[in-house]
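*Asks:* Structure file target-v9.json (JSON, C-alpha atoms and all ligand atoms) is given on the next line.
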```json
[["chain", "number", "residue", "atom", "x", "y", "z"],
["A", 20, "MET", "CA", 43.12, 117.27, 42.95],
["A", 21, "ALA", "CA", 46.07, 119.47, 43.88],
["A", 22, "ASP", "CA", 48.68, 117.97, 46.12],
["A", 23, "TYR", "CA", 48.12, 119.90, 49.33],
["A", 24, "ALA", "CA", 49.58, 118.81, 52.66],
["A", 25, "ALA", "CA", 47.25, 116.73, 54.81],
["A", 26, "VAL", "CA", 45.54, 118.28, 57.82],
["A", 27, "THR", "CA", 46.54, 116.36, 60.97],
["A", 28, "LYS", "CA", 46.46, 118.87, 63.80],
["A", 29, "ALA", "CA", 43.64, 120.55, 65.66],
["A", 30, "VAL", "CA", 43.94, 123.71, 67.72],
["A", 31, "ILE", "CA", 41.33, 124.39, 70.38],
["A", 32, "PRO", "CA", 41.46, 127.81, 72.04],
["A", 33, "ALA", "CA", 40.37, 127.48, 75.69],
["A", 34, "ALA", "CA", 41.91, 130.45, 77.43],
["A", 35, "GLY", "CA", 38.84, 132.66, 77.78],
["A", 36, "LEU", "CA", 37.72, 133.88, 81.19],
["A", 37, "GLY", "CA", 34.17, 132.58, 80.82],
["A", 38, "THR", "CA", 32.66, 135.70, 82.37],
["A", 39, "ARG", "CA", 29.24, 134.93, 80.88],
["A", 40, "PHE", "CA", 28.94, 131.96, 83.23],
["A", 41, "LEU", "CA", 29.97, 133.52, 86.52],
["A", 42, "PRO", "CA", 29.87, 132.45, 89.27],
["A", 43, "ALA", "CA", 30.16, 128.86, 87.91],
["A", 44, "THR", "CA", 33.35, 129.79, 86.09],
["A", 45, "LYS", "CA", 35.06, 131.48, 89.02],
["A", 46, "ALA", "CA", 37.17, 128.38, 89.70],
["A", 47, "THR", "CA", 36.05, 126.05, 86.87],
["A", 48, "PRO", "CA", 36.90, 126.68, 83.22],
["A", 49, "LYS", "CA", 33.80, 127.20, 81.10],
["A", 50, "GLU", "CA", 35.09, 124.45, 78.80],
["A", 51, "MET", "CA", 34.60, 122.01, 81.69],
["A", 52, "LEU", "CA", 30.90, 122.79, 82.16],
["A", 53, "PRO", "CA", 29.05, 119.56, 81.44],
["A", 54, "VAL", "CA", 26.64, 118.99, 78.61],
["A", 55, "VAL", "CA", 24.66, 116.17, 80.23],
["A", 56, "ASP", "CA", 27.59, 114.20, 81.64],
["A", 57, "LYS", "CA", 30.62, 115.18, 79.57],
["A", 58, "PRO", "CA", 32.51, 118.47, 79.69],
["A", 59, "ALA", "CA", 31.83, 120.56, 76.59],
["A", 60, "ILE", "CA", 35.48, 120.41, 75.55],
["A", 61, "GLN", "CA", 35.43, 116.60, 75.34],
["A", 62, "TYR", "CA", 32.79, 116.76, 72.60],
["A", 63, "VAL", "CA", 35.04, 119.13, 70.68],
["A", 64, "VAL", "CA", 38.11, 116.90, 71.04],
["A", 65, "GLU", "CA", 35.99, 113.90, 69.98],
["A", 66, "GLU", "CA", 34.88, 115.80, 66.88],
["A", 67, "ALA", "CA", 38.50, 116.55, 65.95],
["A", 68, "VAL", "CA", 39.46, 112.92, 66.44],
["A", 69, "SER", "CA", 36.58, 111.61, 64.38],
["A", 70, "ALA", "CA", 37.70, 113.92, 61.55],
["A", 71, "GLY", "CA", 41.10, 112.18, 61.71],
["A", 72, "LEU", "CA", 42.91, 114.83, 63.78],
["A", 73, "ASP", "CA", 44.34, 113.11, 66.82],
["A", 74, "ASP", "CA", 47.05, 115.69, 67.48],
["A", 75, "VAL", "CA", 45.19, 118.26, 69.53],
["A", 76, "LEU", "CA", 46.70, 121.45, 70.91],
["A", 77, "LEU", "CA", 44.72, 123.21, 73.61],
["A", 78, "ILE", "CA", 45.47, 126.88, 74.12],
["A", 79, "THR", "CA", 44.88, 127.36, 77.83],
["A", 80, "GLY", "CA", 45.53, 130.01, 80.39],
["A", 81, "ARG", "CA", 45.42, 130.56, 84.14],
["A", 82, "SER", "CA", 43.00, 128.40, 86.17],
["A", 83, "LYS", "CA", 42.63, 125.78, 83.45],
["A", 84, "ARG", "CA", 44.37, 122.90, 85.19],
["A", 85, "SER", "CA", 41.21, 120.82, 85.42],
["A", 86, "ILE", "CA", 41.20, 120.62, 81.60],
["A", 87, "GLU", "CA", 44.65, 119.02, 81.68],
["A", 88, "ASP", "CA", 43.55, 116.66, 84.45],
["A", 89, "HIS", "CA", 40.50, 115.65, 82.42],
["A", 90, "PHE", "CA", 42.56, 114.45, 79.48],
["A", 91, "ASP", "CA", 45.11, 112.74, 81.74],
["A", 92, "ARG", "CA", 44.99, 109.45, 83.64],
["A", 93, "ALA", "CA", 43.29, 109.50, 87.05],
["A", 94, "TYR", "CA", 45.06, 106.64, 88.83],
["A", 95, "GLU", "CA", 43.33, 106.83, 92.21],
["A", 96, "LEU", "CA", 39.88, 106.94, 90.68],
["A", 97, "GLU", "CA", 40.74, 104.15, 88.25],
["A", 98, "GLU", "CA", 42.09, 102.02, 91.10],
["A", 99, "ALA", "CA", 38.95, 102.56, 93.16],
["A", 100, "LEU", "CA", 36.70, 101.61, 90.23],
["A", 101, "ARG", "CA", 38.82, 98.59, 89.41],
["A", 102, "ALA", "CA", 38.62, 97.42, 93.03],
["A", 103, "LYS", "CA", 34.83, 97.59, 92.73],
["A", 104, "ASP", "CA", 34.89, 95.83, 89.35],
["A", 105, "ASP", "CA", 32.99, 98.76, 87.88],
["A", 106, "THR", "CA", 34.23, 98.30, 84.33],
["A", 107, "ASP", "CA", 31.65, 100.64, 82.73],
["A", 108, "LYS", "CA", 32.67, 103.63, 84.80],
["A", 109, "LEU", "CA", 36.32, 102.70, 84.46],
["A", 110, "ALA", "CA", 35.91, 102.85, 80.68],
["A", 111, "LEU", "CA", 34.27, 106.29, 80.96],
["A", 112, "VAL", "CA", 37.11, 107.58, 83.10],
["A", 113, "ARG", "CA", 39.79, 106.25, 80.77],
["A", 114, "GLU", "CA", 38.10, 107.33, 77.55],
["A", 115, "SER", "CA", 39.12, 110.98, 77.71],
["A", 116, "SER", "CA", 42.76, 110.14, 78.47],
["A", 117, "GLU", "CA", 43.00, 107.79, 75.51],
["A", 118, "LEU", "CA", 41.16, 109.95, 73.01],
["A", 119, "ALA", "CA", 43.97, 111.93, 71.40],
["A", 120, "HIS", "CA", 47.52, 113.18, 71.76],
["A", 121, "VAL", "CA", 46.68, 116.31, 73.67],
["A", 122, "HIS", "CA", 49.24, 119.10, 73.99],
["A", 123, "TYR", "CA", 49.04, 122.40, 75.78],
["A", 124, "VAL", "CA", 50.36, 125.88, 75.38],
["A", 125, "ARG", "CA", 49.39, 128.81, 77.53],
["A", 126, "GLN", "CA", 48.24, 132.13, 76.19],
["A", 127, "GLY", "CA", 49.83, 134.53, 78.66],
["A", 128, "ASP", "CA", 47.88, 137.63, 77.64],
["A", 129, "PRO", "CA", 44.22, 137.35, 76.68],
["A", 130, "ARG", "CA", 44.62, 139.36, 73.47],
["A", 131, "GLY", "CA", 41.90, 137.74, 71.40],
["A", 132, "LEU", "CA", 41.17, 134.68, 69.27],
["A", 133, "GLY", "CA", 43.75, 135.62, 66.63],
["A", 134, "HIS", "CA", 46.41, 135.88, 69.32],
["A", 135, "ALA", "CA", 45.34, 132.51, 70.78],
["A", 136, "VAL", "CA", 45.74, 130.89, 67.36],
["A", 137, "LEU", "CA", 49.15, 132.54, 66.97],
["A", 138, "CYS", "CA", 50.23, 130.78, 70.19],
["A", 139, "ALA", "CA", 49.90, 127.52, 68.18],
["A", 140, "ALA", "CA", 52.48, 128.56, 65.57],
["A", 141, "GLN", "CA", 55.41, 126.60, 66.95],
["A", 142, "HIS", "CA", 53.44, 123.39, 67.52],
["A", 143, "VAL", "CA", 51.71, 123.53, 64.15],
["A", 144, "GLY", "CA", 54.73, 124.49, 62.05],
["A", 145, "SER", "CA", 54.16, 124.72, 58.31],
["A", 146, "GLN", "CA", 51.14, 122.41, 58.00],
["A", 147, "PRO", "CA", 47.50, 123.36, 57.51],
["A", 148, "PHE", "CA", 45.51, 122.90, 60.72],
["A", 149, "ALA", "CA", 41.99, 123.00, 62.05],
["A", 150, "VAL", "CA", 40.69, 125.42, 64.70],
["A", 151, "LEU", "CA", 37.68, 124.37, 66.76],
["A", 152, "LEU", "CA", 35.98, 126.82, 69.12],
["A", 153, "GLY", "CA", 34.52, 125.18, 72.19],
["A", 154, "ASP", "CA", 31.40, 127.35, 72.36],
["A", 155, "ASP", "CA", 30.03, 125.68, 69.24],
["A", 156, "LEU", "CA", 29.17, 122.01, 69.35],
["A", 157, "ILE", "CA", 28.53, 120.50, 65.94],
["A", 158, "ASP", "CA", 26.40, 117.40, 65.67],
["A", 159, "ALA", "CA", 28.75, 114.48, 65.10],
["A", 160, "LYS", "CA", 26.42, 113.12, 62.40],
["A", 161, "ASP", "CA", 26.90, 116.23, 60.25],
["A", 162, "ARG", "CA", 30.61, 115.66, 59.61],
["A", 163, "LEU", "CA", 31.31, 119.34, 59.00],
["A", 164, "LEU", "CA", 35.02, 119.22, 59.77],
["A", 165, "GLU", "CA", 35.61, 116.30, 57.39],
["A", 166, "ARG", "CA", 33.94, 118.29, 54.63],
["A", 167, "MET", "CA", 36.07, 121.35, 55.41],
["A", 168, "ILE", "CA", 39.23, 119.25, 55.25],
["A", 169, "GLU", "CA", 38.12, 117.86, 51.86],
["A", 170, "VAL", "CA", 37.57, 121.42, 50.63],
["A", 171, "ARG", "CA", 41.03, 122.44, 51.82],
["A", 172, "GLN", "CA", 42.51, 119.41, 49.99],
["A", 173, "ARG", "CA", 40.75, 120.47, 46.81],
["A", 174, "TYR", "CA", 41.19, 124.23, 46.85],
["A", 175, "GLY", "CA", 44.14, 124.90, 49.20],
["A", 176, "GLY", "CA", 44.10, 128.12, 51.24],
["A", 177, "SER", "CA", 41.87, 128.38, 54.28],
["A", 178, "VAL", "CA", 38.30, 127.25, 54.90],
["A", 179, "VAL", "CA", 35.62, 128.67, 57.20],
["A", 180, "ALA", "CA", 32.25, 127.20, 58.13],
["A", 181, "LEU", "CA", 29.28, 129.45, 57.34],
["A", 182, "MET", "CA", 25.70, 129.37, 58.56],
["A", 183, "GLU", "CA", 22.80, 131.56, 57.46],
["A", 184, "VAL", "CA", 21.12, 133.38, 60.34],
["A", 185, "ASP", "CA", 18.45, 136.04, 60.83],
["A", 186, "PRO", "CA", 19.73, 139.55, 60.06],
["A", 187, "GLU", "CA", 19.43, 140.69, 63.69],
["A", 188, "GLN", "CA", 21.86, 137.96, 64.79],
["A", 189, "VAL", "CA", 24.64, 138.78, 62.34],
["A", 190, "SER", "CA", 26.34, 141.43, 64.49],
["A", 191, "GLN", "CA", 27.25, 138.80, 67.12],
["A", 192, "TYR", "CA", 29.54, 136.99, 64.67],
["A", 193, "GLY", "CA", 32.10, 137.25, 61.93],
["A", 194, "CYS", "CA", 30.22, 137.75, 58.66],
["A", 195, "ALA", "CA", 31.27, 136.82, 55.10],
["A", 196, "SER", "CA", 30.77, 138.18, 51.57],
["A", 197, "ILE", "CA", 30.59, 135.17, 49.33],
["A", 198, "SER", "CA", 30.43, 134.09, 45.71],
["A", 199, "PRO", "CA", 29.48, 130.63, 44.40],
["A", 200, "THR", "CA", 31.81, 127.87, 43.22],
["A", 201, "ALA", "CA", 31.06, 124.78, 41.15],
["A", 202, "ASP", "CA", 30.36, 122.88, 44.39],
["A", 203, "ALA", "CA", 26.87, 123.63, 45.73],
["A", 204, "ASP", "CA", 27.98, 123.71, 49.37],
["A", 205, "VAL", "CA", 31.23, 125.63, 48.80],
["A", 206, "VAL", "CA", 31.67, 129.37, 48.25],
["A", 207, "THR", "CA", 34.59, 131.68, 47.74],
["A", 208, "VAL", "CA", 34.87, 134.16, 50.60],
["A", 209, "THR", "CA", 35.59, 137.59, 49.15],
["A", 210, "ASP", "CA", 35.45, 139.61, 52.38],
["A", 211, "LEU", "CA", 35.00, 139.14, 56.12],
["A", 212, "VAL", "CA", 33.86, 141.54, 58.84],
["A", 213, "GLU", "CA", 34.10, 140.78, 62.55],
["A", 214, "LYS", "CA", 30.83, 141.60, 64.33],
["A", 215, "PRO", "CA", 29.51, 144.15, 61.82],
["A", 216, "VAL", "CA", 27.39, 146.97, 63.21],
["A", 217, "PRO", "CA", 23.71, 146.33, 62.46],
["A", 218, "GLY", "CA", 22.83, 147.40, 58.92],
["A", 219, "GLU", "CA", 26.38, 147.09, 57.62],
["A", 220, "ALA", "CA", 26.65, 143.32, 57.38],
["A", 221, "PRO", "CA", 27.65, 142.10, 53.92],
["A", 222, "SER", "CA", 25.36, 139.04, 54.12],
["A", 223, "ARG", "CA", 23.47, 136.78, 56.49],
["A", 224, "TRP", "CA", 26.22, 134.16, 56.38],
["A", 225, "ILE", "CA", 28.10, 134.05, 59.65],
["A", 226, "VAL", "CA", 31.32, 132.30, 60.56],
["A", 227, "ILE", "CA", 30.81, 129.50, 63.06],
["A", 228, "GLY", "CA", 33.53, 128.05, 65.23],
["A", 229, "ARG", "CA", 35.28, 125.70, 62.80],
["A", 230, "TYR", "CA", 38.20, 126.71, 60.58],
["A", 231, "VAL", "CA", 40.87, 125.02, 58.51],
["A", 232, "CYS", "CA", 43.75, 127.45, 58.21],
["A", 233, "ASP", "CA", 46.71, 127.58, 55.90],
["A", 234, "PRO", "CA", 49.89, 128.12, 57.97],
["A", 235, "ALA", "CA", 50.25, 131.46, 56.13],
["A", 236, "VAL", "CA", 47.75, 132.72, 58.71],
["A", 237, "PHE", "CA", 50.54, 132.88, 61.32],
["A", 238, "ASP", "CA", 52.57, 135.49, 59.43],
["A", 239, "VAL", "CA", 49.41, 137.47, 58.78],
["A", 240, "LEU", "CA", 48.39, 137.30, 62.46],
["A", 241, "ARG", "CA", 51.80, 138.65, 63.48],
["A", 242, "GLU", "CA", 51.00, 141.77, 61.45],
["A", 243, "THR", "CA", 47.31, 142.01, 62.34],
["A", 244, "GLN", "CA", 46.46, 145.01, 64.50],
["A", 245, "PRO", "CA", 43.85, 144.78, 67.26],
["A", 246, "GLY", "CA", 40.39, 145.07, 65.75],
["A", 247, "ARG", "CA", 36.88, 144.70, 67.14],
["A", 248, "GLY", "CA", 36.91, 144.85, 70.96],
["A", 249, "GLY", "CA", 40.59, 145.84, 70.93],
["A", 250, "GLU", "CA", 41.49, 142.19, 70.27],
["A", 251, "ILE", "CA", 43.56, 140.52, 67.56],
["A", 252, "GLN", "CA", 40.86, 138.87, 65.47],
["A", 253, "LEU", "CA", 41.23, 135.66, 63.47],
["A", 254, "THR", "CA", 38.53, 137.05, 61.19],
["A", 255, "ASP", "CA", 40.76, 140.03, 60.29],
["A", 256, "ALA", "CA", 43.68, 137.75, 59.40],
["A", 257, "LEU", "CA", 41.42, 135.59, 57.22],
["A", 258, "LYS", "CA", 40.08, 138.73, 55.56],
["A", 259, "THR", "CA", 43.68, 139.54, 54.56],
["A", 260, "LEU", "CA", 44.13, 136.00, 53.21],
["A", 261, "ALA", "CA", 40.87, 136.33, 51.25],
["A", 262, "GLY", "CA", 42.03, 139.59, 49.64],
["A", 263, "ASP", "CA", 43.39, 140.02, 46.14],
["A", 264, "ASP", "CA", 46.88, 140.86, 47.43],
["A", 265, "PHE", "CA", 47.34, 137.38, 48.79],
["A", 266, "GLY", "CA", 47.77, 134.84, 45.99],
["A", 267, "ALA", "CA", 47.27, 131.08, 46.25],
["A", 268, "ASP", "CA", 51.07, 130.72, 45.93],
["A", 269, "ARG", "CA", 51.39, 132.43, 49.33],
["A", 270, "GLY", "CA", 48.70, 130.37, 51.06],
["A", 271, "GLY", "CA", 45.94, 132.85, 50.27],
["A", 272, "GLY", "CA", 42.34, 132.20, 49.30],
["A", 273, "VAL", "CA", 39.46, 131.48, 51.68],
["A", 274, "ARG", "CA", 36.57, 129.15, 50.94],
["A", 275, "GLY", "CA", 33.41, 128.71, 52.94],
["A", 276, "VAL", "CA", 31.50, 125.50, 53.52],
["A", 277, "LEU", "CA", 27.79, 126.29, 53.79],
["A", 278, "PHE", "CA", 26.61, 124.38, 56.82],
["A", 279, "ARG", "CA", 22.95, 123.50, 57.19],
["A", 280, "GLY", "CA", 23.35, 120.91, 59.91],
["A", 281, "ARG", "CA", 22.98, 121.21, 63.62],
["A", 282, "ARG", "CA", 25.07, 123.57, 65.70],
["A", 283, "TYR", "CA", 24.63, 123.87, 69.43],
["A", 284, "ASP", "CA", 25.77, 127.11, 70.94],
["A", 285, "THR", "CA", 26.96, 126.78, 74.53],
["A", 286, "GLY", "CA", 28.42, 130.27, 74.75],
["A", 287, "ASN", "CA", 25.74, 131.86, 76.90],
["A", 288, "LYS", "CA", 23.30, 130.73, 79.57],
["A", 289, "LEU", "CA", 20.20, 130.52, 77.41],
["A", 290, "ASP", "CA", 21.88, 128.63, 74.58],
["A", 291, "TYR", "CA", 23.60, 126.37, 77.08],
["A", 292, "LEU", "CA", 20.21, 125.45, 78.54],
["A", 293, "ARG", "CA", 18.82, 124.77, 75.06],
["A", 294, "THR", "CA", 21.82, 122.56, 74.28],
["A", 295, "MET", "CA", 21.40, 120.61, 77.47],
["A", 296, "VAL", "CA", 17.70, 119.96, 76.73],
["A", 297, "GLN", "CA", 18.42, 118.97, 73.11],
["A", 298, "PHE", "CA", 21.19, 116.59, 74.11],
["A", 299, "GLY", "CA", 19.02, 115.16, 76.88],
["A", 300, "CYS", "CA", 16.23, 114.48, 74.37],
["A", 301, "GLU", "CA", 18.60, 112.65, 72.05],
["A", 302, "ARG", "CA", 20.51, 110.52, 74.52],
["A", 303, "PRO", "CA", 19.28, 106.94, 74.15],
["A", 304, "ASP", "CA", 19.86, 106.24, 77.85],
["A", 305, "LEU", "CA", 17.87, 109.28, 79.01],
["A", 306, "ALA", "CA", 15.34, 110.18, 76.32],
["A", 307, "GLN", "CA", 12.79, 107.55, 77.24],
["A", 308, "GLU", "CA", 12.21, 109.12, 80.64],
["A", 309, "PHE", "CA", 13.30, 112.68, 79.94],
["A", 310, "VAL", "CA", 11.14, 113.44, 76.89],
["A", 311, "PRO", "CA", 7.76, 112.47, 78.46],
["A", 312, "TRP", "CA", 8.76, 114.37, 81.60],
["A", 313, "LEU", "CA", 9.63, 117.44, 79.52],
["A", 314, "ARG", "CA", 6.31, 117.25, 77.63],
["A", 315, "LYS", "CA", 4.35, 117.09, 80.84],
["A", 316, "TYR", "CA", 6.39, 119.88, 82.38],
["A", 317, "LEU", "CA", 5.67, 122.14, 79.39],
["A", 318, "ASP", "CA", 1.97, 121.24, 79.38],
["A", 319, "ASP", "CA", 1.77, 122.12, 83.05],
["A", 320, "LEU", "CA", 3.41, 125.48, 82.34],
["A", 321, "ARG", "CA", 0.52, 126.55, 80.09],
["B", 401, "LIG", "C1", 34.34, 134.16, 67.51],
["B", 401, "LIG", "C2", 34.82, 134.78, 66.19],
["B", 401, "LIG", "C3", 33.62, 135.11, 65.31],
["B", 401, "LIG", "C4", 32.78, 133.86, 65.10],
["B", 401, "LIG", "C5", 32.38, 133.26, 66.45],
["B", 401, "LIG", "C6", 31.69, 131.90, 66.25],
["B", 401, "LIG", "O1", 33.65, 135.15, 68.24],
["B", 401, "LIG", "O2", 35.58, 135.94, 66.47],
["B", 401, "LIG", "O3", 34.05, 135.60, 64.07],
["B", 401, "LIG", "O4", 31.64, 134.19, 64.34],
["B", 401, "LIG", "O5", 33.51, 133.03, 67.29],
["B", 401, "LIG", "O6", 31.20, 131.39, 67.46],
["B", 401, "LIG", "P1", 33.35, 135.05, 69.82],
["B", 401, "LIG", "O7", 32.14, 134.18, 69.95],
["B", 401, "LIG", "O8", 34.56, 134.45, 70.44],
["B", 401, "LIG", "O9", 33.09, 136.45, 70.26]]
```
Could you express the structure from this file as structure tokens?
Ligand code: G1P
*Replies:*
Amino acid sequence: MADYAAVTKAVIPAAGLGTRFLPATKATPKEMLPVVDKPAIQYVVEEAVSAGLDDVLLITGRSKRSIEDHFDRAYELEEALRAKDDTDKLALVRESSELAHVHYVRQGDPRGLGHAVLCAAQHVGSQPFAVLLGDDLIDAKDRLLERMIEVRQRYGGSVVALMEVDPEQVSQYGCASISPTADADVVTVTDLVEKPVPGEAPSRWIVIGRYVCDPAVFDVLRETQPGRGGEIQLTDALKTLAGDDFGADRGGGVRGVLFRGRRYDTGNKLDYLRTMVQFGCERPDLAQEFVPWLRKYLDDLR
């Protein structure tokens, strides 16, 4: 195995305006919307930590203070719970503040995902790093990020996570042209297109919200012009790194891990509802009552 630098840092962009969830997101960041009883962003930070990345940089923006409060101590609340001897709730409150070394940088201008990632350049330095998008929750049992880090250790360059979807869904995502490698779940990415117009997608393999990037991506992002939606796209920078002009000696090369596990999309209202129901059905403390109730509710709907 080549001697590539270890991945130790995670970058989580959380500066978006959350307009798909208005009015809930007027004063609350969409990352703080709960999935059952935890804010969505806590699941993402937990995933990074369980992949061994406990240095987490959140890219935030205006009106995101509650995210910082969530990962900080809450002395008054802790005191009140301690006074009541409520150790279970005290543990829940403290958990998020003890999870990781969480750092923050603000993205002044909302100029796209690529620009958000570029805001991490100084914190990340010259090490490879992971990017986790909060709209996608990946089932902890599927260990996708660990696999992506292994692939980076083996091949160098950058790594994206790919999922196969129905053709009519492809234009909502970044889409990859791929060719096989010796590993059944790993492909070489030969091209990437951000949100291809229907009929022009190179495949049915879409990029989901997990990346391991070579630090070379920062220099490329600095040169990347606004693309789809007038925004600086991470997909466009990775396309450059996947191209022939960018050799492995310069941090080029993009691999894809083919993911067949469970991804929960929380990016829009309908998918958020689905996620909530799925999580509710799988929570040991809730499922026993929730699942029979849900069955009966659906039967009554007929
Ligand atoms: C972003 C990326 C896109 C990717 C998607 C995954 O898009 O730009 O390439 O497929 O995340 O969720 P967004 O959902 O921010 O529009």
*Asks:* Using all atoms listed in the file, which residues of chain A come within 9 Å of ligand LIG 401 (chain B), and what is the closest atom pair for each, with the distance in Å to one decimal? Give it as a Markdown table, sorted by chain and residue number.
*Replies:*
```
| residue | atom | partner | partner_atom | distance |
| --- | --- | --- | --- | --- |
| A:Gly35 | CA | B:LIG401 | O8 | 8.7 |
| A:Gly131 | CA | B:LIG401 | O8 | 8.1 |
| A:Leu132 | CA | B:LIG401 | O2 | 6.4 |
| A:Gly133 | CA | B:LIG401 | O2 | 8.2 |
| A:Leu152 | CA | B:LIG401 | O6 | 6.8 |
| A:Gly153 | CA | B:LIG401 | O6 | 8.5 |
| A:Asp154 | CA | B:LIG401 | O6 | 6.4 |
| A:Asp155 | CA | B:LIG401 | O6 | 6.1 |
| A:Leu181 | CA | B:LIG401 | O4 | 8.8 |
| A:Val189 | CA | B:LIG401 | O4 | 8.6 |
| A:Ser190 | CA | B:LIG401 | O4 | 9.0 |
| A:Gln191 | CA | B:LIG401 | O4 | 6.9 |
| A:Tyr192 | CA | B:LIG401 | O4 | 3.5 |
| A:Gly193 | CA | B:LIG401 | O3 | 3.3 |
| A:Cys194 | CA | B:LIG401 | O4 | 6.9 |
| A:Leu211 | CA | B:LIG401 | O3 | 8.8 |
| A:Val212 | CA | B:LIG401 | O3 | 7.9 |
| A:Glu213 | CA | B:LIG401 | O3 | 5.4 |
| A:Lys214 | CA | B:LIG401 | O3 | 6.8 |
| A:Ile225 | CA | B:LIG401 | O4 | 5.9 |
| A:Val226 | CA | B:LIG401 | O4 | 4.2 |
| A:Ile227 | CA | B:LIG401 | C6 | 4.1 |
| A:Gly228 | CA | B:LIG401 | C6 | 4.4 |
| A:Arg229 | CA | B:LIG401 | C6 | 8.0 |
| A:Arg247 | CA | B:LIG401 | O2 | 8.9 |
| A:Gln252 | CA | B:LIG401 | O2 | 6.1 |
| A:Leu253 | CA | B:LIG401 | O2 | 6.4 |
| A:Thr254 | CA | B:LIG401 | O3 | 5.5 |
| A:Asp255 | CA | B:LIG401 | O3 | 8.9 |
| A:Asp284 | CA | B:LIG401 | O6 | 7.7 |
| A:Gly286 | CA | B:LIG401 | O7 | 7.2 |
```
*Asks:* A:Phe237, A:Tyr94, A:Tyr291, A:Phe40: which is nearest Leu260 of chain A, counting all atoms listed in the file?
*Replies:*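 Answer, going by the shortest atom-to-atom distance: A:Phe237.
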*Asks:* To one decimal place in Å, what is the distance between atom CA of Gly275 of chain A and atom CA of Thr200 of chain A?
*Replies:*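 These two atoms are separated by 9.9 Å.
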*Asks:* Return the single residue from A:Gln172, A:Gln307, A:Ser177, A:Thr79 that is closest to Asp128 of chain A, with distances computed using only C-alpha atoms.
*Replies:*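 Between A:Gln172, A:Gln307, A:Ser177, A:Thr79, the residue approaching Asp128 of chain A most closely is A:Thr79.
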*Asks:* If I take atom CA of Arg171 of chain A and atom CA of Thr259 of chain A, how far is one from the other in Å, to one decimal?
*Replies:*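 Distance between the two atoms: 17.5 Å.
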*Asks:* Of the candidates A:Val208, A:Ala203, A:Ala24, A:Val75, which one gets nearest to Val124 of chain A if we count all atoms listed in the file?
*Replies:*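 Residue with the minimum atom-to-atom distance to Val124 of chain A: A:Val75.
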*Asks:* Rounded to one decimal in Å, what is the spacing between atom CA of Asp268 of chain A and atom CA of Glu169 of chain A?
*Replies:*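 These atoms are spaced 19.2 Å apart.
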*Asks:* Pick the closest to Ala195 of chain A from A:Leu96, A:Leu292, A:Ala34, A:Val179: which is it, counting all atoms listed in the file?
*Replies:*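 Answer, going by the shortest atom-to-atom distance: A:Val179.
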*Asks:* With all atoms listed in the file as the atoms that count, which of A:Met295, A:Leu164, A:Ala135, A:Tyr123 lies nearest to Tyr283 of chain A?
*Replies:*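 Among A:Met295, A:Leu164, A:Ala135, A:Tyr123, it is A:Met295 that comes nearest to Tyr283 of chain A.
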*Asks:* Go through A:Val296, A:Leu72, A:Ile86, A:Leu77 one by one, measure the shortest atom-to-atom distance of each to Gln126 of chain A using only C-alpha atoms, and give the residue with the smallest value.
*Replies:*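 Of A:Val296, A:Leu72, A:Ile86, A:Leu77, the one nearest Gln126 of chain A, counting only C-alpha atoms, is A:Leu77.
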